[in-house]
Amino acid sequence: MAALFPPPPGPRFVLRGTQSAVNTLHFCPPSQAAGNPLLFSGSQNGLVHIWSLQTRRIVTTLNGHGGQGVIWLKTLPQGHQLLRVETCGCACGTWRRAGTPSWTQFSWTVWASAGAPSWSGDSSAGCLLCQGRAATRISHHPDGRVRQGVGSDEQPKGRDYALIQTLRVQILEMPSKTSVCTLKPEADARPGMPMCLGLWQTNSSLRPLLLAGYEDGSVTLWDISERKVCSQITCHEEPVMGLDFDSQKAKGISGSAGKVLAVWSLDDQQSLQVKKTHELTNPGIAEVTIRPDHKILATAGWDHRIRVFHWRTMKPLAVLAFHSAPVYCVAFAADGLLAAGSKDQRISIWSLYPCP
């Protein structure tokens, strides 16, 4: 019997050569790419590769992380030719572009896993960085994109250690590197570690807000100025591994170690409400990201699949079964191109439902 629907297309092309699991991806903004579209990838072996999407080859390899797995990277906005990288060994470094295609590491900070987190480096004016202690999850304002990574290798020793060391989210203002505040749940709250973060600012308010997904399956909205929790919802039975927020529609989505994707909204009173859930076939979402045009979203699955959904309706659009190991990360370019990185050491590039 003929199939009712045609199979989804294969990737547009595949990037090979990382020689390690791909933990994080980031498309260089067009304004910083100088006509040569670039993709940054961070690998478990501590290398950052800069790929030309025109030649489909590695332009530069950055090796300065001591073999510690790279779990997050982002180019800093407002024209600075800077790349910020975080590793799973509780360290953060910043690279400055010295020329084409040369990059020079100019700042590196390492902190002990039992100490307070710190940051070093340059950034654009008005930029905020936030860090979840021990879970090493990071986000920045103003673009508010989120990366979920792995936690510290050192395990908490007792409830007091967990409460003091693993529940904090530190907010820093850049470029002064001044600590704005530290957000920590109330003493009687037990959300566990912050697993993923999303920082943004509404058009109608100058007050930055932070969304945090926690180990107990909850999503919490923090008012950074007031250093208080505005709202909290429990939408998962397993740890929240990734989230993204659509400030235009005032709604977001989160994925967890379980089978459920949760869609939630934020009202004018800064109250979170679960709107709908979508159950997947297999458990485990490593990352979820909404395309910049707010039309579709993609998830990275532990079951080796990339899933694509219509954002408004959550209608499943495609299940992309190319990778042979868990998919750890997904990223969209401004033009709609989708990249996915996997434990199988490959990066697949997809052209699906092009932006109008």
# chains A, B, ... in the order shown; residues from 1 in each chain; ligands from 1
$ residues_around --residues "Asp267 (chain A)" --least-positions-apart "4" --cutoff "8 Å" --atoms "only C-alpha atoms" --output "list in words"
Ala250, Ser271 and Leu272 of chain A
$ residues_around --residues "His49 (chain A)" --least-positions-apart "2" --cutoff "6 Å" --atoms "only C-alpha atoms" --output "list in words"
Phe40, Ser41 and Thr61 of chain A
$ write_last_selection --atoms "C-alpha atoms" --output "PDB file, in the first residue's frame"
ATOM      1  CA  PHE A  40      29.820  28.036  15.069  1.00  0.00           C
ATOM      2  CA  SER A  41      29.884  24.611  16.727  1.00  0.00           C
ATOM      3  CA  THR A  61      39.331  25.815  14.843  1.00  0.00           C
TER       4      THR A  61
END
$ atom_distance --atom1 "CA of Val288 (chain A)" --atom2 "CA of Ala189 (chain A)"
26.4 Å
$ residues_around --residues "Arg305 (chain A)" --least-positions-apart "5" --cutoff "12 Å" --atoms "only C-alpha atoms" --output "JSON, numbers by chain"
{"A": [280, 281, 282, 283, 284, 285, 286, 287, 298, 299, 300, 318, 319, 320, 321, 322, 323, 324, 325, 326, 327, 328, 329, 330, 340, 341, 342, 343, 348]}
$ write_last_selection --atoms "N, CA, C and O atoms" --output "mmCIF file, in the first residue's frame"
data_model
loop_
_atom_site.group_PDB
_atom_site.id
_atom_site.type_symbol
_atom_site.label_atom_id
_atom_site.label_comp_id
_atom_site.auth_asym_id
_atom_site.auth_seq_id
_atom_site.Cartn_x
_atom_site.Cartn_y
_atom_site.Cartn_z
ATOM 1 N N LEU A 280 5.185 13.203 23.057
ATOM 2 C CA LEU A 280 6.037 12.639 22.030
ATOM 3 C C LEU A 280 6.067 11.121 22.125
ATOM 4 O O LEU A 280 5.642 10.539 23.123
ATOM 5 N N THR A 281 6.596 10.483 21.100
ATOM 6 C CA THR A 281 6.698 9.024 21.098
ATOM 7 C C THR A 281 7.751 8.542 22.081
ATOM 8 O O THR A 281 7.551 7.559 22.799
ATOM 9 N N ASN A 282 8.872 9.238 22.122
ATOM 10 C CA ASN A 282 9.999 8.829 22.960
ATOM 11 C C ASN A 282 10.390 9.957 23.902
ATOM 12 O O ASN A 282 10.239 11.136 23.565
ATOM 13 N N PRO A 283 10.939 9.630 25.059
ATOM 14 C CA PRO A 283 11.328 10.671 26.020
ATOM 15 C C PRO A 283 12.649 11.327 25.651
ATOM 16 O O PRO A 283 13.453 10.780 24.901
ATOM 17 N N GLY A 284 12.853 12.522 26.205
ATOM 18 C CA GLY A 284 14.139 13.172 26.114
ATOM 19 C C GLY A 284 14.254 14.251 25.062
ATOM 20 O O GLY A 284 14.439 13.949 23.888
ATOM 21 N N ILE A 285 14.134 15.520 25.470
ATOM 22 C CA ILE A 285 14.343 16.661 24.589
ATOM 23 C C ILE A 285 15.553 17.421 25.107
ATOM 24 O O ILE A 285 15.548 17.946 26.221
ATOM 25 N N ALA A 286 16.610 17.497 24.309
ATOM 26 C CA ALA A 286 17.819 18.189 24.727
ATOM 27 C C ALA A 286 17.713 19.696 24.532
ATOM 28 O O ALA A 286 18.287 20.463 25.298
ATOM 29 N N GLU A 287 16.990 20.108 23.501
ATOM 30 C CA GLU A 287 16.850 21.539 23.242
ATOM 31 C C GLU A 287 15.600 21.789 22.411
ATOM 32 O O GLU A 287 15.190 20.934 21.609
ATOM 33 N N ALA A 298 11.721 23.738 16.407
ATOM 34 C CA ALA A 298 12.391 22.455 16.254
ATOM 35 C C ALA A 298 12.867 21.966 17.615
ATOM 36 O O ALA A 298 13.191 22.762 18.500
ATOM 37 N N THR A 299 12.909 20.637 17.767
ATOM 38 C CA THR A 299 13.403 20.039 18.996
ATOM 39 C C THR A 299 14.537 19.072 18.673
ATOM 40 O O THR A 299 14.564 18.454 17.608
ATOM 41 N N ALA A 300 15.468 18.949 19.609
ATOM 42 C CA ALA A 300 16.573 17.985 19.508
ATOM 43 C C ALA A 300 16.253 16.827 20.439
ATOM 44 O O ALA A 300 16.078 17.026 21.645
ATOM 45 N N ALA A 318 7.221 17.560 10.676
ATOM 46 C CA ALA A 318 8.229 16.639 10.155
ATOM 47 C C ALA A 318 8.972 15.982 11.305
ATOM 48 O O ALA A 318 9.160 16.576 12.363
ATOM 49 N N VAL A 319 9.374 14.734 11.063
ATOM 50 C CA VAL A 319 10.283 14.019 11.953
ATOM 51 C C VAL A 319 11.496 13.652 11.115
ATOM 52 O O VAL A 319 11.396 12.862 10.177
ATOM 53 N N LEU A 320 12.617 14.247 11.433
ATOM 54 C CA LEU A 320 13.823 14.087 10.622
ATOM 55 C C LEU A 320 14.722 13.049 11.278
ATOM 56 O O LEU A 320 15.320 13.286 12.334
ATOM 57 N N ALA A 321 14.812 11.876 10.659
ATOM 58 C CA ALA A 321 15.544 10.742 11.229
ATOM 59 C C ALA A 321 16.824 10.520 10.444
ATOM 60 O O ALA A 321 16.960 9.546 9.708
ATOM 61 N N PHE A 322 17.776 11.408 10.595
ATOM 62 C CA PHE A 322 19.048 11.289 9.892
ATOM 63 C C PHE A 322 20.181 10.804 10.800
ATOM 64 O O PHE A 322 21.000 9.980 10.407
ATOM 65 N N HIS A 323 20.216 11.291 12.027
ATOM 66 C CA HIS A 323 21.348 11.024 12.905
ATOM 67 C C HIS A 323 21.271 9.628 13.507
ATOM 68 O O HIS A 323 20.194 9.055 13.670
ATOM 69 N N SER A 324 22.427 9.091 13.859
ATOM 70 C CA SER A 324 22.536 7.735 14.404
ATOM 71 C C SER A 324 22.799 7.731 15.909
ATOM 72 O O SER A 324 23.108 6.685 16.477
ATOM 73 N N ALA A 325 22.679 8.888 16.552
ATOM 74 C CA ALA A 325 22.895 9.017 17.990
ATOM 75 C C ALA A 325 22.056 10.202 18.472
ATOM 76 O O ALA A 325 21.495 10.947 17.649
ATOM 77 N N PRO A 326 21.931 10.390 19.790
ATOM 78 C CA PRO A 326 21.124 11.503 20.295
ATOM 79 C C PRO A 326 21.509 12.848 19.682
ATOM 80 O O PRO A 326 22.689 13.146 19.481
ATOM 81 N N VAL A 327 20.480 13.635 19.377
ATOM 82 C CA VAL A 327 20.687 14.993 18.880
ATOM 83 C C VAL A 327 20.729 15.919 20.092
ATOM 84 O O VAL A 327 19.807 15.932 20.907
ATOM 85 N N TYR A 328 21.802 16.678 20.218
ATOM 86 C CA TYR A 328 22.025 17.508 21.396
ATOM 87 C C TYR A 328 21.596 18.960 21.219
ATOM 88 O O TYR A 328 21.345 19.648 22.206
ATOM 89 N N CYS A 329 21.534 19.443 19.969
ATOM 90 C CA CYS A 329 21.275 20.871 19.792
ATOM 91 C C CYS A 329 20.660 21.148 18.423
ATOM 92 O O CYS A 329 20.896 20.417 17.461
ATOM 93 N N VAL A 330 19.861 22.193 18.376
ATOM 94 C CA VAL A 330 19.280 22.684 17.130
ATOM 95 C C VAL A 330 19.378 24.208 17.133
ATOM 96 O O VAL A 330 19.303 24.844 18.185
ATOM 97 N N ALA A 340 21.470 21.008 13.102
ATOM 98 C CA ALA A 340 21.332 20.096 14.235
ATOM 99 C C ALA A 340 22.664 19.415 14.484
ATOM 100 O O ALA A 340 23.328 18.951 13.544
ATOM 101 N N GLY A 341 23.055 19.344 15.751
ATOM 102 C CA GLY A 341 24.299 18.688 16.125
ATOM 103 C C GLY A 341 24.025 17.463 16.964
ATOM 104 O O GLY A 341 23.082 17.436 17.760
ATOM 105 N N SER A 342 24.855 16.429 16.813
ATOM 106 C CA SER A 342 24.565 15.139 17.421
ATOM 107 C C SER A 342 25.800 14.524 18.066
ATOM 108 O O SER A 342 26.944 14.910 17.793
ATOM 109 N N LYS A 343 25.528 13.540 18.898
ATOM 110 C CA LYS A 343 26.589 12.735 19.491
ATOM 111 C C LYS A 343 27.336 11.948 18.412
ATOM 112 O O LYS A 343 28.472 11.512 18.639
ATOM 113 N N SER A 348 23.925 18.317 10.726
ATOM 114 C CA SER A 348 23.060 18.283 9.549
ATOM 115 C C SER A 348 22.445 19.663 9.326
ATOM 116 O O SER A 348 22.046 20.341 10.276
#
$ atom_distance --atom1 "CA of Ala187 (chain A)" --atom2 "CA of Arg168 (chain A)"
12.0 Å
$ residues_around --residues "Ala262 (chain A)" --least-positions-apart "4" --cutoff "6 Å" --atoms "only C-alpha atoms" --output "mmCIF file with C-alpha atoms, in the first residue's frame"
data_model
loop_
_atom_site.group_PDB
_atom_site.id
_atom_site.type_symbol
_atom_site.label_atom_id
_atom_site.label_comp_id
_atom_site.auth_asym_id
_atom_site.auth_seq_id
_atom_site.Cartn_x
_atom_site.Cartn_y
_atom_site.Cartn_z
ATOM 1 C CA ILE A 253 7.549 26.194 25.130
ATOM 2 C CA SER A 254 9.601 23.794 27.201
ATOM 3 C CA THR A 277 0.860 19.865 26.090
#
$ select_by_dssp --residues "region 136-343 of chain A" --states "helix (DSSP H, G or I)" --output "PyMOL selection string"
chain A and resi 159-165
$ atom_distance --atom1 "CA of Phe13 (chain A)" --atom2 "CA of Leu38 (chain A)"
14.4 Å
$ residues_around --residues "Ala339 (chain A)" --least-positions-apart "2" --cutoff "8 Å" --atoms "only C-alpha atoms" --output "list in words"
Leu25, Val330, Ala331, Phe332, Leu337, Gly341, Ile347, Ser348, Ile349 and Trp350 of chain A
$ write_last_selection --atoms "N, CA and C atoms" --output "PDB file, in the first residue's frame"
ATOM      1  N   LEU A  25      25.341  24.823  18.896  1.00  0.00           N
ATOM      2  CA  LEU A  25      25.452  25.451  17.576  1.00  0.00           C
ATOM      3  C   LEU A  25      24.964  26.893  17.647  1.00  0.00           C
ATOM      4  N   VAL A 330      19.861  22.193  18.376  1.00  0.00           N
ATOM      5  CA  VAL A 330      19.280  22.684  17.130  1.00  0.00           C
ATOM      6  C   VAL A 330      19.378  24.208  17.133  1.00  0.00           C
ATOM      7  N   ALA A 331      19.550  24.789  15.954  1.00  0.00           N
ATOM      8  CA  ALA A 331      19.662  26.243  15.826  1.00  0.00           C
ATOM      9  C   ALA A 331      19.110  26.674  14.483  1.00  0.00           C
ATOM     10  N   PHE A 332      18.459  27.841  14.475  1.00  0.00           N
ATOM     11  CA  PHE A 332      17.933  28.424  13.241  1.00  0.00           C
ATOM     12  C   PHE A 332      18.772  29.631  12.843  1.00  0.00           C
ATOM     13  N   LEU A 337      17.317  28.602   7.769  1.00  0.00           N
ATOM     14  CA  LEU A 337      18.112  27.387   7.711  1.00  0.00           C
ATOM     15  C   LEU A 337      18.201  26.760   9.106  1.00  0.00           C
ATOM     16  N   GLY A 341      23.055  19.344  15.751  1.00  0.00           N
ATOM     17  CA  GLY A 341      24.299  18.688  16.125  1.00  0.00           C
ATOM     18  C   GLY A 341      24.025  17.463  16.964  1.00  0.00           C
ATOM     19  N   ILE A 347      26.944  17.373  11.861  1.00  0.00           N
ATOM     20  CA  ILE A 347      26.038  18.514  11.875  1.00  0.00           C
ATOM     21  C   ILE A 347      25.223  18.470  10.591  1.00  0.00           C
ATOM     22  N   SER A 348      23.925  18.317  10.726  1.00  0.00           N
ATOM     23  CA  SER A 348      23.060  18.283   9.549  1.00  0.00           C
ATOM     24  C   SER A 348      22.445  19.663   9.326  1.00  0.00           C
ATOM     25  N   ILE A 349      22.394  20.079   8.079  1.00  0.00           N
ATOM     26  CA  ILE A 349      21.844  21.378   7.683  1.00  0.00           C
ATOM     27  C   ILE A 349      20.607  21.132   6.836  1.00  0.00           C
ATOM     28  N   TRP A 350      19.490  21.760   7.234  1.00  0.00           N
ATOM     29  CA  TRP A 350      18.198  21.500   6.612  1.00  0.00           C
ATOM     30  C   TRP A 350      17.588  22.786   6.088  1.00  0.00           C
TER      31      TRP A 350
END
$ closest_residue --among "A:Thr182, A:Ser225, A:Ser231, A:Ser218" --to "Gln201 (chain A)" --atoms "only C-alpha atoms"
A:Ser225
$ closest_residue --among "A:Leu206, A:Val48, A:Ala212, A:His278" --to "Gly192 (chain A)" --atoms "only C-alpha atoms"
A:Ala212
$ closest_residue --among "A:Leu211, A:Met241, A:Arg307, A:Phe27" --to "Gly336 (chain A)" --atoms "only C-alpha atoms"
A:Phe27
$ decode --residues "region 226-265 of chain A" --atoms "N, CA and C atoms" --output "PDB file, in the first residue's frame"
ATOM      1  N   GLU A 226      13.272  43.376  40.896  1.00  0.00           N
ATOM      2  CA  GLU A 226      12.740  43.171  42.244  1.00  0.00           C
ATOM      3  C   GLU A 226      13.351  41.954  42.928  1.00  0.00           C
ATOM      4  N   ARG A 227      14.093  41.139  42.156  1.00  0.00           N
ATOM      5  CA  ARG A 227      14.716  39.926  42.696  1.00  0.00           C
ATOM      6  C   ARG A 227      13.681  39.004  43.341  1.00  0.00           C
ATOM      7  N   LYS A 228      12.566  38.841  42.634  1.00  0.00           N
ATOM      8  CA  LYS A 228      11.489  38.024  43.195  1.00  0.00           C
ATOM      9  C   LYS A 228      10.857  37.178  42.107  1.00  0.00           C
ATOM     10  N   VAL A 229      10.191  36.122  42.541  1.00  0.00           N
ATOM     11  CA  VAL A 229       9.462  35.246  41.626  1.00  0.00           C
ATOM     12  C   VAL A 229       8.104  35.860  41.319  1.00  0.00           C
ATOM     13  N   CYS A 230       7.826  36.067  40.035  1.00  0.00           N
ATOM     14  CA  CYS A 230       6.511  36.581  39.621  1.00  0.00           C
ATOM     15  C   CYS A 230       5.488  35.466  39.501  1.00  0.00           C
ATOM     16  N   SER A 231       5.925  34.327  38.964  1.00  0.00           N
ATOM     17  CA  SER A 231       4.999  33.227  38.726  1.00  0.00           C
ATOM     18  C   SER A 231       5.787  31.943  38.556  1.00  0.00           C
ATOM     19  N   GLN A 232       5.118  30.834  38.839  1.00  0.00           N
ATOM     20  CA  GLN A 232       5.750  29.535  38.683  1.00  0.00           C
ATOM     21  C   GLN A 232       4.704  28.512  38.288  1.00  0.00           C
ATOM     22  N   ILE A 233       5.058  27.644  37.342  1.00  0.00           N
ATOM     23  CA  ILE A 233       4.166  26.558  36.940  1.00  0.00           C
ATOM     24  C   ILE A 233       4.958  25.258  36.909  1.00  0.00           C
ATOM     25  N   THR A 234       4.301  24.184  37.248  1.00  0.00           N
ATOM     26  CA  THR A 234       4.895  22.860  37.116  1.00  0.00           C
ATOM     27  C   THR A 234       4.260  22.192  35.910  1.00  0.00           C
ATOM     28  N   CYS A 235       5.037  22.046  34.853  1.00  0.00           N
ATOM     29  CA  CYS A 235       4.486  21.543  33.594  1.00  0.00           C
ATOM     30  C   CYS A 235       5.160  20.257  33.123  1.00  0.00           C
ATOM     31  N   HIS A 236       6.113  19.742  33.889  1.00  0.00           N
ATOM     32  CA  HIS A 236       6.792  18.505  33.532  1.00  0.00           C
ATOM     33  C   HIS A 236       7.000  17.648  34.772  1.00  0.00           C
ATOM     34  N   GLU A 237       7.064  16.334  34.556  1.00  0.00           N
ATOM     35  CA  GLU A 237       7.375  15.416  35.643  1.00  0.00           C
ATOM     36  C   GLU A 237       8.859  15.131  35.736  1.00  0.00           C
ATOM     37  N   GLU A 238       9.608  15.533  34.713  1.00  0.00           N
ATOM     38  CA  GLU A 238      11.047  15.335  34.672  1.00  0.00           C
ATOM     39  C   GLU A 238      11.738  16.700  34.562  1.00  0.00           C
ATOM     40  N   PRO A 239      13.062  16.761  34.758  1.00  0.00           N
ATOM     41  CA  PRO A 239      13.769  18.041  34.664  1.00  0.00           C
ATOM     42  C   PRO A 239      13.549  18.737  33.323  1.00  0.00           C
ATOM     43  N   VAL A 240      13.368  20.060  33.380  1.00  0.00           N
ATOM     44  CA  VAL A 240      13.212  20.868  32.175  1.00  0.00           C
ATOM     45  C   VAL A 240      14.588  21.027  31.540  1.00  0.00           C
ATOM     46  N   MET A 241      14.763  20.514  30.334  1.00  0.00           N
ATOM     47  CA  MET A 241      16.070  20.517  29.680  1.00  0.00           C
ATOM     48  C   MET A 241      16.251  21.689  28.710  1.00  0.00           C
ATOM     49  N   GLY A 242      15.163  22.249  28.224  1.00  0.00           N
ATOM     50  CA  GLY A 242      15.280  23.364  27.293  1.00  0.00           C
ATOM     51  C   GLY A 242      13.980  24.130  27.207  1.00  0.00           C
ATOM     52  N   LEU A 243      14.065  25.426  26.951  1.00  0.00           N
ATOM     53  CA  LEU A 243      12.875  26.258  26.769  1.00  0.00           C
ATOM     54  C   LEU A 243      13.195  27.389  25.808  1.00  0.00           C
ATOM     55  N   ASP A 244      12.156  27.945  25.241  1.00  0.00           N
ATOM     56  CA  ASP A 244      12.280  29.133  24.409  1.00  0.00           C
ATOM     57  C   ASP A 244      11.018  29.954  24.591  1.00  0.00           C
ATOM     58  N   PHE A 245      11.137  31.271  24.376  1.00  0.00           N
ATOM     59  CA  PHE A 245      10.012  32.177  24.622  1.00  0.00           C
ATOM     60  C   PHE A 245       9.821  33.090  23.436  1.00  0.00           C
ATOM     61  N   ASP A 246       8.561  33.251  23.025  1.00  0.00           N
ATOM     62  CA  ASP A 246       8.167  34.129  21.931  1.00  0.00           C
ATOM     63  C   ASP A 246       7.585  35.390  22.545  1.00  0.00           C
ATOM     64  N   SER A 247       8.371  36.469  22.593  1.00  0.00           N
ATOM     65  CA  SER A 247       7.907  37.695  23.237  1.00  0.00           C
ATOM     66  C   SER A 247       6.801  38.374  22.440  1.00  0.00           C
ATOM     67  N   GLN A 248       6.730  38.128  21.126  1.00  0.00           N
ATOM     68  CA  GLN A 248       5.663  38.729  20.323  1.00  0.00           C
ATOM     69  C   GLN A 248       4.309  38.146  20.676  1.00  0.00           C
ATOM     70  N   LYS A 249       4.257  36.829  20.888  1.00  0.00           N
ATOM     71  CA  LYS A 249       2.998  36.171  21.217  1.00  0.00           C
ATOM     72  C   LYS A 249       2.827  35.965  22.715  1.00  0.00           C
ATOM     73  N   ALA A 250       3.814  36.336  23.509  1.00  0.00           N
ATOM     74  CA  ALA A 250       3.784  36.187  24.961  1.00  0.00           C
ATOM     75  C   ALA A 250       3.494  34.744  25.362  1.00  0.00           C
ATOM     76  N   LYS A 251       4.153  33.826  24.694  1.00  0.00           N
ATOM     77  CA  LYS A 251       4.029  32.428  25.070  1.00  0.00           C
ATOM     78  C   LYS A 251       5.350  31.717  24.809  1.00  0.00           C
ATOM     79  N   GLY A 252       5.525  30.607  25.510  1.00  0.00           N
ATOM     80  CA  GLY A 252       6.771  29.873  25.390  1.00  0.00           C
ATOM     81  C   GLY A 252       6.529  28.383  25.351  1.00  0.00           C
ATOM     82  N   ILE A 253       7.622  27.647  25.210  1.00  0.00           N
ATOM     83  CA  ILE A 253       7.549  26.194  25.130  1.00  0.00           C
ATOM     84  C   ILE A 253       8.732  25.609  25.864  1.00  0.00           C
ATOM     85  N   SER A 254       8.528  24.462  26.472  1.00  0.00           N
ATOM     86  CA  SER A 254       9.601  23.794  27.201  1.00  0.00           C
ATOM     87  C   SER A 254       9.559  22.304  26.929  1.00  0.00           C
ATOM     88  N   GLY A 255      10.746  21.694  26.964  1.00  0.00           N
ATOM     89  CA  GLY A 255      10.884  20.256  26.817  1.00  0.00           C
ATOM     90  C   GLY A 255      11.678  19.707  27.980  1.00  0.00           C
ATOM     91  N   SER A 256      11.530  18.419  28.238  1.00  0.00           N
ATOM     92  CA  SER A 256      12.126  17.834  29.431  1.00  0.00           C
ATOM     93  C   SER A 256      12.741  16.480  29.118  1.00  0.00           C
ATOM     94  N   ALA A 257      13.196  15.816  30.172  1.00  0.00           N
ATOM     95  CA  ALA A 257      13.692  14.460  30.034  1.00  0.00           C
ATOM     96  C   ALA A 257      12.561  13.468  29.800  1.00  0.00           C
ATOM     97  N   GLY A 258      11.326  13.903  29.950  1.00  0.00           N
ATOM     98  CA  GLY A 258      10.172  13.059  29.702  1.00  0.00           C
ATOM     99  C   GLY A 258       9.677  13.157  28.265  1.00  0.00           C
ATOM    100  N   LYS A 259       8.400  12.797  28.053  1.00  0.00           N
ATOM    101  CA  LYS A 259       7.833  12.751  26.704  1.00  0.00           C
ATOM    102  C   LYS A 259       7.027  13.987  26.321  1.00  0.00           C
ATOM    103  N   VAL A 260       6.885  14.936  27.229  1.00  0.00           N
ATOM    104  CA  VAL A 260       5.921  16.016  27.022  1.00  0.00           C
ATOM    105  C   VAL A 260       6.603  17.325  26.647  1.00  0.00           C
ATOM    106  N   LEU A 261       6.067  17.976  25.601  1.00  0.00           N
ATOM    107  CA  LEU A 261       6.343  19.373  25.320  1.00  0.00           C
ATOM    108  C   LEU A 261       5.209  20.197  25.917  1.00  0.00           C
ATOM    109  N   ALA A 262       5.539  21.236  26.651  1.00  0.00           N
ATOM    110  CA  ALA A 262       4.526  22.073  27.285  1.00  0.00           C
ATOM    111  C   ALA A 262       4.556  23.467  26.679  1.00  0.00           C
ATOM    112  N   VAL A 263       3.372  23.975  26.308  1.00  0.00           N
ATOM    113  CA  VAL A 263       3.223  25.339  25.808  1.00  0.00           C
ATOM    114  C   VAL A 263       2.534  26.157  26.888  1.00  0.00           C
ATOM    115  N   TRP A 264       3.108  27.281  27.224  1.00  0.00           N
ATOM    116  CA  TRP A 264       2.561  28.116  28.292  1.00  0.00           C
ATOM    117  C   TRP A 264       2.554  29.572  27.848  1.00  0.00           C
ATOM    118  N   SER A 265       1.725  30.367  28.508  1.00  0.00           N
ATOM    119  CA  SER A 265       1.555  31.769  28.129  1.00  0.00           C
ATOM    120  C   SER A 265       1.874  32.661  29.321  1.00  0.00           C
TER     121      SER A 265
END
